[in-house]
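Dumped model25.tsv below, it's TSV, C-alpha atoms:
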chain	number	residue	atom	x	y	z
M	290	MET	CA	95.64	123.91	121.11
M	291	LYS	CA	92.50	125.58	119.71
M	292	LYS	CA	94.68	127.93	117.68
M	293	ILE	CA	96.68	125.00	116.26
M	294	ILE	CA	93.48	123.21	115.25
M	295	LYS	CA	91.97	126.34	113.71
M	296	GLU	CA	95.09	127.14	111.68
M	297	ASN	CA	95.81	123.60	110.46
M	298	SER	CA	92.49	121.76	110.32
M	299	SER	CA	91.76	122.27	106.62
M	300	LYS	CA	95.30	121.24	105.58
M	301	ILE	CA	95.17	118.14	107.78
M	302	LYS	CA	91.75	117.09	106.46
M	303	ALA	CA	92.88	117.60	102.86
M	304	LEU	CA	96.03	115.53	103.40
M	305	ILE	CA	94.05	112.71	105.02
M	306	ARG	CA	91.60	112.74	102.08
M	307	SER	CA	94.47	112.65	99.60
M	308	PHE	CA	95.97	109.61	101.31
M	309	LEU	CA	92.80	107.70	102.07
M	310	GLY	CA	90.35	108.98	99.50
M	311	GLU	CA	87.98	109.99	102.29
M	312	ALA	CA	87.83	111.88	105.56
M	313	ASN	CA	88.86	110.07	108.73
M	314	GLU	CA	88.06	111.80	112.02
M	315	ASP	CA	89.93	109.20	114.08
M	316	ILE	CA	93.20	109.97	112.30
M	317	GLU	CA	92.52	113.69	112.52
M	318	GLN	CA	92.03	113.41	116.30
M	319	GLU	CA	95.17	111.30	116.61
M	320	VAL	CA	97.12	114.03	114.78
M	321	TYR	CA	96.08	116.54	117.43
M	322	LEU	CA	96.89	114.12	120.27
M	323	ARG	CA	100.34	113.37	118.87
M	324	THR	CA	100.96	117.06	118.23
M	325	TYR	CA	100.05	117.90	121.81
M	326	LYS	CA	102.19	115.08	123.23
M	327	ASN	CA	105.18	116.02	121.06
M	328	LEU	CA	105.04	119.81	121.35
M	329	PRO	CA	108.08	119.77	123.67
M	330	ASN	CA	110.05	118.05	120.88
M	331	TYR	CA	109.12	120.61	118.22
M	332	LYS	CA	112.14	122.57	116.98
M	333	GLU	CA	111.14	126.15	116.25
M	334	GLU	CA	113.58	126.52	113.37
M	335	ASN	CA	111.23	124.27	111.34
M	336	LYS	CA	107.88	125.45	109.99
M	337	PHE	CA	105.10	124.26	112.31
M	338	SER	CA	102.59	123.47	109.54
M	339	LYS	CA	105.16	121.24	107.84
M	340	TRP	CA	105.81	119.45	111.13
M	341	ILE	CA	102.12	118.78	111.81
M	342	LEU	CA	101.54	117.63	108.21
M	343	THR	CA	104.45	115.21	108.59
M	344	ILE	CA	102.71	113.77	111.65
M	345	THR	CA	99.50	113.51	109.59
M	346	ALA	CA	101.23	111.78	106.67
M	347	ASN	CA	102.93	109.29	109.00
M	348	LEU	CA	99.63	108.43	110.70
M	349	CYS	CA	97.97	107.94	107.30
M	350	ARG	CA	100.79	105.64	106.16
M	351	ASP	CA	100.50	103.65	109.37
M	352	TYR	CA	96.75	103.36	108.89
M	353	LEU	CA	97.12	102.16	105.31
M	354	LYS	CA	99.47	99.43	106.54
M	355	SER	CA	97.14	98.42	109.38
M	356	ALA	CA	94.93	95.35	109.49
M	357	SER	CA	91.85	97.48	110.19
M	358	PHE	CA	92.29	99.35	106.90
M	359	LYS	CA	92.78	96.15	104.93
M	360	HIS	CA	89.65	94.72	106.50
M	361	SER	CA	87.54	97.83	105.92
M	362	SER	CA	88.68	98.23	102.32
M	363	ASN	CA	87.55	94.68	101.60
M	364	SER	CA	84.07	95.40	102.92
M	365	LEU	CA	83.38	97.84	100.07
M	366	HIS	CA	82.39	100.82	102.17
M	367	ASP	CA	81.65	102.49	98.84
M	368	GLU	CA	78.05	101.35	99.31
M	369	GLU	CA	77.55	104.34	101.61
M	370	VAL	CA	78.83	106.74	98.97
M	371	LEU	CA	76.75	105.16	96.26
M	372	ASP	CA	73.59	105.19	98.41
M	373	ASN	CA	73.82	108.96	98.62
M	374	ILE	CA	73.34	109.29	94.86
M	375	LYS	CA	69.76	110.10	93.92
M	376	TYR	CA	68.31	108.47	90.84
M	377	SER	CA	65.14	108.87	88.85
M	378	LYS	CA	65.63	105.63	86.96
M	379	THR	CA	64.31	102.11	87.16
M	380	PRO	CA	65.67	99.91	89.95
M	381	GLU	CA	67.54	97.84	87.36
M	382	MET	CA	69.25	100.94	85.97
M	383	VAL	CA	70.13	102.12	89.47
M	384	TYR	CA	71.63	98.76	90.35
M	385	SER	CA	73.60	98.60	87.09
M	386	GLN	CA	74.95	102.12	87.54
M	387	LYS	CA	75.98	101.44	91.15
M	388	GLU	CA	77.78	98.27	90.09
M	389	ARG	CA	79.66	100.19	87.39
M	390	GLN	CA	80.61	102.89	89.90
M	391	LYS	CA	81.90	100.25	92.33
M	392	LEU	CA	84.07	98.81	89.58
M	393	VAL	CA	85.45	102.25	88.74
M	394	LEU	CA	86.20	103.02	92.42
M	395	LYS	CA	87.84	99.62	92.85
M	396	ALA	CA	90.00	100.26	89.76
M	397	VAL	CA	91.03	103.70	91.06
M	398	TYR	CA	91.94	102.28	94.48
M	399	SER	CA	94.01	99.54	92.82
M	400	LEU	CA	96.24	102.03	90.98
M	401	PRO	CA	99.84	102.44	92.12
M	402	LYS	CA	100.02	105.10	94.84
M	403	LYS	CA	101.59	107.81	92.67
M	404	TYR	CA	98.72	107.53	90.17
M	405	LYS	CA	95.91	106.93	92.68
M	406	GLU	CA	96.82	110.01	94.68
M	407	ILE	CA	96.84	112.26	91.62
M	408	ILE	CA	93.63	110.85	90.11
M	409	ILE	CA	91.80	111.28	93.43
M	410	LEU	CA	93.01	114.88	93.75
M	411	PHE	CA	92.21	115.74	90.12
M	412	GLU	CA	89.01	113.82	89.39
M	413	PHE	CA	87.33	113.61	92.80
M	414	GLU	CA	88.61	116.64	94.68
M	415	ASP	CA	88.79	119.01	91.67
M	416	TYR	CA	92.37	120.14	92.25
M	417	THR	CA	94.05	121.95	89.34
M	418	TYR	CA	97.31	120.69	87.84
M	419	GLU	CA	99.13	123.53	89.57
M	420	ALA	CA	97.53	122.83	92.97
M	421	ILE	CA	98.46	119.15	92.72
M	422	ALA	CA	102.02	120.02	91.72
M	423	LYS	CA	102.35	122.36	94.69
M	424	LYS	CA	100.73	119.88	97.12
M	425	LEU	CA	102.94	116.97	96.04
M	426	ASN	CA	106.01	119.11	95.38
M	427	ILE	CA	106.42	117.84	91.81
M	428	PRO	CA	106.50	119.64	88.42
M	429	VAL	CA	103.21	120.37	86.63
M	430	GLY	CA	104.45	118.28	83.68
M	431	THR	CA	104.80	115.28	85.99
M	432	VAL	CA	101.24	115.81	87.22
M	433	LYS	CA	99.92	115.85	83.65
M	434	SER	CA	101.96	112.80	82.72
M	435	ARG	CA	100.77	110.81	85.75
M	436	ILE	CA	97.13	111.74	85.13
M	437	ASN	CA	97.52	110.59	81.53
M	438	SER	CA	99.19	107.34	82.62
M	439	ALA	CA	96.54	106.71	85.28
M	440	ARG	CA	93.77	107.26	82.76
M	441	LYS	CA	95.41	104.79	80.36
M	442	ILE	CA	95.65	102.16	83.11
M	443	LEU	CA	92.02	102.77	84.12
M	444	SER	CA	90.93	102.61	80.49
M	445	GLU	CA	92.59	99.21	80.11
M	446	LYS	CA	91.20	97.89	83.39
M	447	LEU	CA	87.71	99.11	82.62
M	448	SER	CA	87.57	98.52	78.87
M	449	PHE	CA	85.02	95.74	79.41
M	450	LEU	CA	82.53	98.35	80.69
M	451	ILE	CA	82.63	100.15	77.35
M	452	GLU	CA	82.50	96.99	75.27
M	453	GLY	CA	79.65	95.43	77.25

Please express the file's structure as structure tokens.
Amino acid sequence: MKKIIKENSSKIKALIRSFLGEANEDIEQEVYLRTYKNLPNYKEENKFSKWILTITANLCRDYLKSASFKHSSNSLHDEEVLDNIKYSKTPEMVYSQKERQKLVLKAVYSLPKKYKEIIILFEFEDYTYEAIAKKLNIPVGTVKSRINSARKILSEKLSFLIEG
């Protein structure tokens, strides 16, 4: 099992981050438990990494549908992320900037899945167009188009930040 974890850990973590926008050790552990339990069902004609990533994707989808995710996403856990940002500004400026960042994060998380996933990979995880295309198994042109569309949606949703 150690070999499986060593060979697949980075791919599993990246897939979880792409689905959820953050790391989730509970899901990662569940992937390894399910993999271990289902090893007898694994068909060797299939690629093992694809099989384990399918398990990961299914667990992420289940989590996103779960009540615990819906509850936690409403509690704005972004406070933790924003608290890690160091500022050398007045408290009022810090508060204002954090509020703007919360609004941006909320807008990103409200995008349709196909746009949210690409924006998170491109803007937050610094993936290239080509890496996103390969990861999502879509053409590079589609990646560029979706990033452009997502930016337009975000621009409309957040236009009040620029005006005000």

Output as JSON the centre and edge lengths (Å, one decimal) of the box along x, y and z of the file that holds every listed atom of stretch 313-322 of chain M after adding 3 Å on each side.
{"center_x": 92.6, "center_y": 112.9, "center_z": 114.5, "size_x": 15.1, "size_y": 13.3, "size_z": 17.5}

Problem - Within 9 Å of stretch 413-422 of chain M using all atoms listed in the file, minus same-chain residues under 4 positions, as a PyMOL selection string - result: chain M and resi 306-307+310+407-409+426-433

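The shortest atom-to-atom distance to M:Lys424, with all atoms listed in the file taken into account, belongs to M:Leu342 out of M:Leu392, M:Leu342, M:Met290, M:Leu328.
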
What's around M:Leu443 at 9 Å? Count all atoms listed in the file, leave out sequence neighbours fewer than 6 positions away in its own chain, and write the answer as a PDB file with C-alpha atoms, in the coordinates of the input.
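Once written, selection_11.pdb looks like this:
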ATOM      1  CA  VAL M 393      85.450 102.250  88.740  1.00  0.00           C
ATOM      2  CA  ALA M 396      90.000 100.260  89.760  1.00  0.00           C
ATOM      3  CA  VAL M 397      91.030 103.700  91.060  1.00  0.00           C
ATOM      4  CA  LEU M 400      96.240 102.030  90.980  1.00  0.00           C
TER       5      LEU M 400
END

Problem - M:Tyr325 environment, 12 Å, only C-alpha atoms, sequence neighbours closer than 2 positions dropped, as a VMD selection string - result: chain M and resid 290 to 291 293 to 294 318 to 323 327 to 331 341 344

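Minimum distance to M:Asn313 across M:Leu348, M:Lys336, M:Tyr398, M:Leu425 (counting only C-alpha atoms) occurs at M:Leu348.
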
Completion exercise
One residue among M:Phe411, M:Lys300, M:Leu450, M:Tyr404 is nearest to M:Arg435 when using only C-alpha atoms, and that residue is M:Tyr404

Fill in the blank from the handout: For M:Lys302, the closest of M:Ser438, M:Ser355, M:Ser444, M:Thr345 counting only C-alpha atoms is M:Thr345

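Distances here use only C-alpha atoms; by that measure, the residue among M:Lys423, M:Ser434, M:Ile305, M:Ala439 closest to M:Leu353 is M:Ile305.
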
Practice task
Give me, please, the distance in Å between atom CA of M:Glu445 and atom CA of M:Lys402, quoted to one decimal.
Solution key: 17.5 Å

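As for atom CA of M:Glu333 and atom CA of M:Ile316, they are spaced 24.5 Å apart.
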
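The space between atom CA of M:Lys292 and atom CA of M:Phe308 spans 24.6 Å.
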